[in-house]
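Peer 1: Sharing run-v4.tsv (TSV, C-alpha atoms) below.
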```
chain	number	residue	atom	x	y	z
A	11	MET	CA	-119.85	239.12	156.34
A	12	VAL	CA	-116.66	237.82	158.01
A	13	ALA	CA	-113.52	237.19	155.91
A	14	MET	CA	-112.41	233.58	155.67
A	15	SER	CA	-109.08	232.63	157.28
A	16	ASP	CA	-106.69	229.74	156.75
A	17	ALA	CA	-105.22	227.32	159.31
A	18	ASP	CA	-102.67	229.89	160.53
A	19	GLY	CA	-105.40	232.39	161.34
A	20	LEU	CA	-104.35	234.78	158.59
A	21	PRO	CA	-106.99	236.23	156.30
A	22	ALA	CA	-107.31	234.60	152.89
A	23	GLY	CA	-105.31	236.21	150.10
A	24	THR	CA	-102.46	237.54	152.24
A	25	GLY	CA	-99.97	237.54	149.39
A	26	ARG	CA	-98.10	234.46	150.47
A	27	ALA	CA	-96.55	232.52	147.61
A	28	ARG	CA	-98.84	229.59	148.28
A	29	ASP	CA	-101.88	231.82	147.81
A	30	MET	CA	-100.55	233.50	144.67
A	31	VAL	CA	-99.56	230.33	142.86
A	32	GLY	CA	-102.37	228.11	143.97
A	33	ARG	CA	-102.25	224.42	144.61
A	34	ARG	CA	-100.95	222.30	141.81
A	35	ARG	CA	-102.07	218.77	141.34
A	36	GLN	CA	-99.42	216.17	140.74
A	37	ARG	CA	-99.69	215.15	137.10
A	38	LYS	CA	-99.53	211.50	136.26
A	39	ALA	CA	-96.80	210.68	133.76
A	40	PRO	CA	-97.98	209.09	130.53
A	41	ALA	CA	-97.24	205.39	130.16
A	42	THR	CA	-94.58	205.62	127.45
A	43	GLY	CA	-92.19	203.00	128.81
A	44	ARG	CA	-89.46	205.59	129.27
A	45	VAL	CA	-87.54	205.55	132.52
A	46	HIS	CA	-85.67	208.86	132.20
A	47	HIS	CA	-87.03	212.04	133.64
A	48	LEU	CA	-84.93	214.11	131.22
A	49	GLY	CA	-86.01	212.28	128.08
A	50	ALA	CA	-85.16	209.14	126.21
A	51	ALA	CA	-81.75	207.52	126.10
A	52	PRO	CA	-79.67	208.45	123.04
A	53	ALA	CA	-80.35	206.38	119.93
A	54	VAL	CA	-76.66	205.44	119.56
A	55	MET	CA	-74.21	205.20	122.44
A	56	PRO	CA	-70.41	204.88	122.20
A	57	VAL	CA	-68.87	201.68	123.58
A	58	LEU	CA	-65.19	201.21	124.39
A	59	ARG	CA	-64.05	197.66	123.57
A	60	ASP	CA	-60.98	195.76	124.76
A	61	GLY	CA	-57.85	197.08	123.12
A	62	GLY	CA	-59.09	200.67	123.00
A	63	ASP	CA	-61.37	200.27	119.99
A	64	GLU	CA	-64.47	202.42	120.10
A	65	THR	CA	-67.71	201.39	118.47
A	66	SER	CA	-71.35	202.25	118.98
A	67	THR	CA	-74.45	200.38	120.06
A	68	ARG	CA	-78.20	200.78	119.86
A	69	THR	CA	-78.96	197.93	122.24
A	70	ALA	CA	-77.61	198.89	125.65
A	71	ALA	CA	-79.99	197.97	128.48
A	72	VAL	CA	-80.92	201.59	129.14
A	73	GLN	CA	-81.68	202.15	125.45
A	74	LEU	CA	-83.82	199.05	125.10
A	75	SER	CA	-85.83	199.72	128.24
A	76	ALA	CA	-86.63	203.24	127.02
A	77	ARG	CA	-88.04	202.07	123.69
A	78	THR	CA	-91.66	201.26	122.97
A	79	ARG	CA	-92.75	198.00	121.36
A	80	TRP	CA	-93.09	199.69	117.98
A	81	GLU	CA	-89.59	201.20	118.25
A	82	LEU	CA	-88.15	197.78	119.15
A	83	ASP	CA	-89.84	196.22	116.11
A	84	GLN	CA	-88.36	198.93	113.89
A	85	LEU	CA	-84.94	198.41	115.46
A	86	LEU	CA	-85.13	194.66	114.79
A	87	ALA	CA	-86.00	195.32	111.14
A	88	ASP	CA	-83.14	197.82	110.76
A	89	ILE	CA	-80.59	195.50	112.36
A	90	THR	CA	-81.72	192.55	110.23
A	91	THR	CA	-81.34	194.62	107.05
A	92	GLU	CA	-77.90	195.89	108.07
A	93	MET	CA	-76.77	192.39	109.02
A	94	ALA	CA	-77.79	191.01	105.62
A	95	ARG	CA	-75.97	193.86	103.89
A	96	ALA	CA	-72.82	193.28	105.97
A	97	SER	CA	-72.79	189.57	105.19
A	98	ASP	CA	-73.30	190.28	101.46
A	99	ASP	CA	-70.29	192.61	101.63
A	100	LEU	CA	-68.33	189.81	103.38
A	101	ASP	CA	-67.89	192.02	106.46
A	102	PHE	CA	-68.38	189.15	108.88
A	103	GLU	CA	-67.07	191.01	111.93
A	104	ARG	CA	-69.72	193.71	111.51
A	105	ALA	CA	-72.36	191.05	110.82
A	106	GLY	CA	-71.38	189.35	114.09
A	107	GLN	CA	-71.73	192.61	116.03
A	108	LEU	CA	-75.14	193.15	114.48
A	109	ARG	CA	-76.13	189.58	115.36
A	110	ASP	CA	-75.26	190.31	119.00
A	111	GLU	CA	-77.39	193.48	118.89
A	112	LEU	CA	-80.23	191.47	117.36
A	113	VAL	CA	-80.04	188.92	120.17
A	114	ARG	CA	-80.19	191.67	122.83
A	115	ALA	CA	-83.17	193.38	121.17
A	116	ARG	CA	-85.08	190.08	120.86
A	117	ALA	CA	-84.30	189.28	124.51
A	118	GLU	CA	-85.86	192.62	125.51
A	119	LEU	CA	-89.00	191.79	123.54
A	120	ASP	CA	-89.15	188.33	125.12
A	121	ARG	CA	-88.72	189.86	128.57
A	122	ARG	CA	-91.70	192.15	127.98
A	123	THR	CA	-93.99	189.44	126.67
A	124	SER	CA	-93.30	186.95	129.46
```
Could you express the structure from this file as structure tokens?
Peer 2:
Amino acid sequence: MVAMSDADGLPAGTGRARDMVGRRRQRKAPATGRVHHLGAAPAVMPVLRDGGDETSTRTAAVQLSARTRWELDQLLADITTEMARASDDLDFERAGQLRDELVRARAELDRRTS
């Protein structure tokens, strides 16, 4: 029986790295909605406002695009609860910031459904 050879004319199993490792199929990424190859965007990101004030956000475009529909629904519920608490505490500036986050999260949901 004659030994098989590859395209280069070398006998099969010559010890080349390609032969030792074998061919790997490209795996299809699961459809999670995430756009980062290193993982999801952080849950809270720092934001530098005018005047040097630093605050945080959960609704930056990269964060919203990385979230699933269920995560967006949970985020909307959390923001709504926090906004009601802030308005009960008469912290209207915080309630306004939360309202802006709520608008951005709803806009992301509307973008996905249209």
Peer 1: In Å, rounded to a single decimal, give me how far atom CA of A:Leu58 is from atom CA of A:Ala117.
Peer 2: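 So the answer is 22.5 Å.
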Peer 1: Write out as a PyMOL selection string which residues come within 12 Å of stretch 89-99 of chain A when counting only C-alpha atoms, dropping same-chain ones fewer than 4 positions away.
Peer 2: chain A and resi 67-69+82-85+103-116
Peer 1: Mind writing the picked residues with C-alpha atoms as a short mmCIF file (atom, residue, chain, number, x, y, z; two decimals), keeping the file's coordinate frame?
Peer 2:
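As a result, again_15.cif now contains:
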```
data_model
loop_
_atom_site.label_atom_id
_atom_site.label_comp_id
_atom_site.auth_asym_id
_atom_site.auth_seq_id
_atom_site.Cartn_x
_atom_site.Cartn_y
_atom_site.Cartn_z
CA THR A 67 -74.45 200.38 120.06
CA ARG A 68 -78.20 200.78 119.86
CA THR A 69 -78.96 197.93 122.24
CA LEU A 82 -88.15 197.78 119.15
CA ASP A 83 -89.84 196.22 116.11
CA GLN A 84 -88.36 198.93 113.89
CA LEU A 85 -84.94 198.41 115.46
CA GLU A 103 -67.07 191.01 111.93
CA ARG A 104 -69.72 193.71 111.51
CA ALA A 105 -72.36 191.05 110.82
CA GLY A 106 -71.38 189.35 114.09
CA GLN A 107 -71.73 192.61 116.03
CA LEU A 108 -75.14 193.15 114.48
CA ARG A 109 -76.13 189.58 115.36
CA ASP A 110 -75.26 190.31 119.00
CA GLU A 111 -77.39 193.48 118.89
CA LEU A 112 -80.23 191.47 117.36
CA VAL A 113 -80.04 188.92 120.17
CA ARG A 114 -80.19 191.67 122.83
CA ALA A 115 -83.17 193.38 121.17
CA ARG A 116 -85.08 190.08 120.86
#
```
Peer 1: To one decimal in Å, tell me the separation between atom CA of A:Leu119 and atom CA of A:Met55.
Peer 2: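 Rounded to one decimal, the two atoms are 20.0 Å apart.
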Peer 1: Which distance in Å separates atom CA of A:Ala51 and atom CA of A:Phe102, to one decimal?
Peer 2: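 Here the two named atoms are 28.5 Å from each other.
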Peer 1: Of the residues A:Asp101, A:Ala87, A:Ser124, A:Val57, which is the one nearest to A:Ala70, using all atoms listed in the file?
Peer 2: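 Nearest to A:Ala70: A:Val57.
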Peer 1: Find, counting all atoms listed in the file, the residue in A:Thr123, A:Glu118, A:Asp88, A:Leu100 that gets nearest to A:Ala71.
Peer 2: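 Using all atoms listed in the file, the shortest distance to A:Ala71 belongs to A:Glu118.
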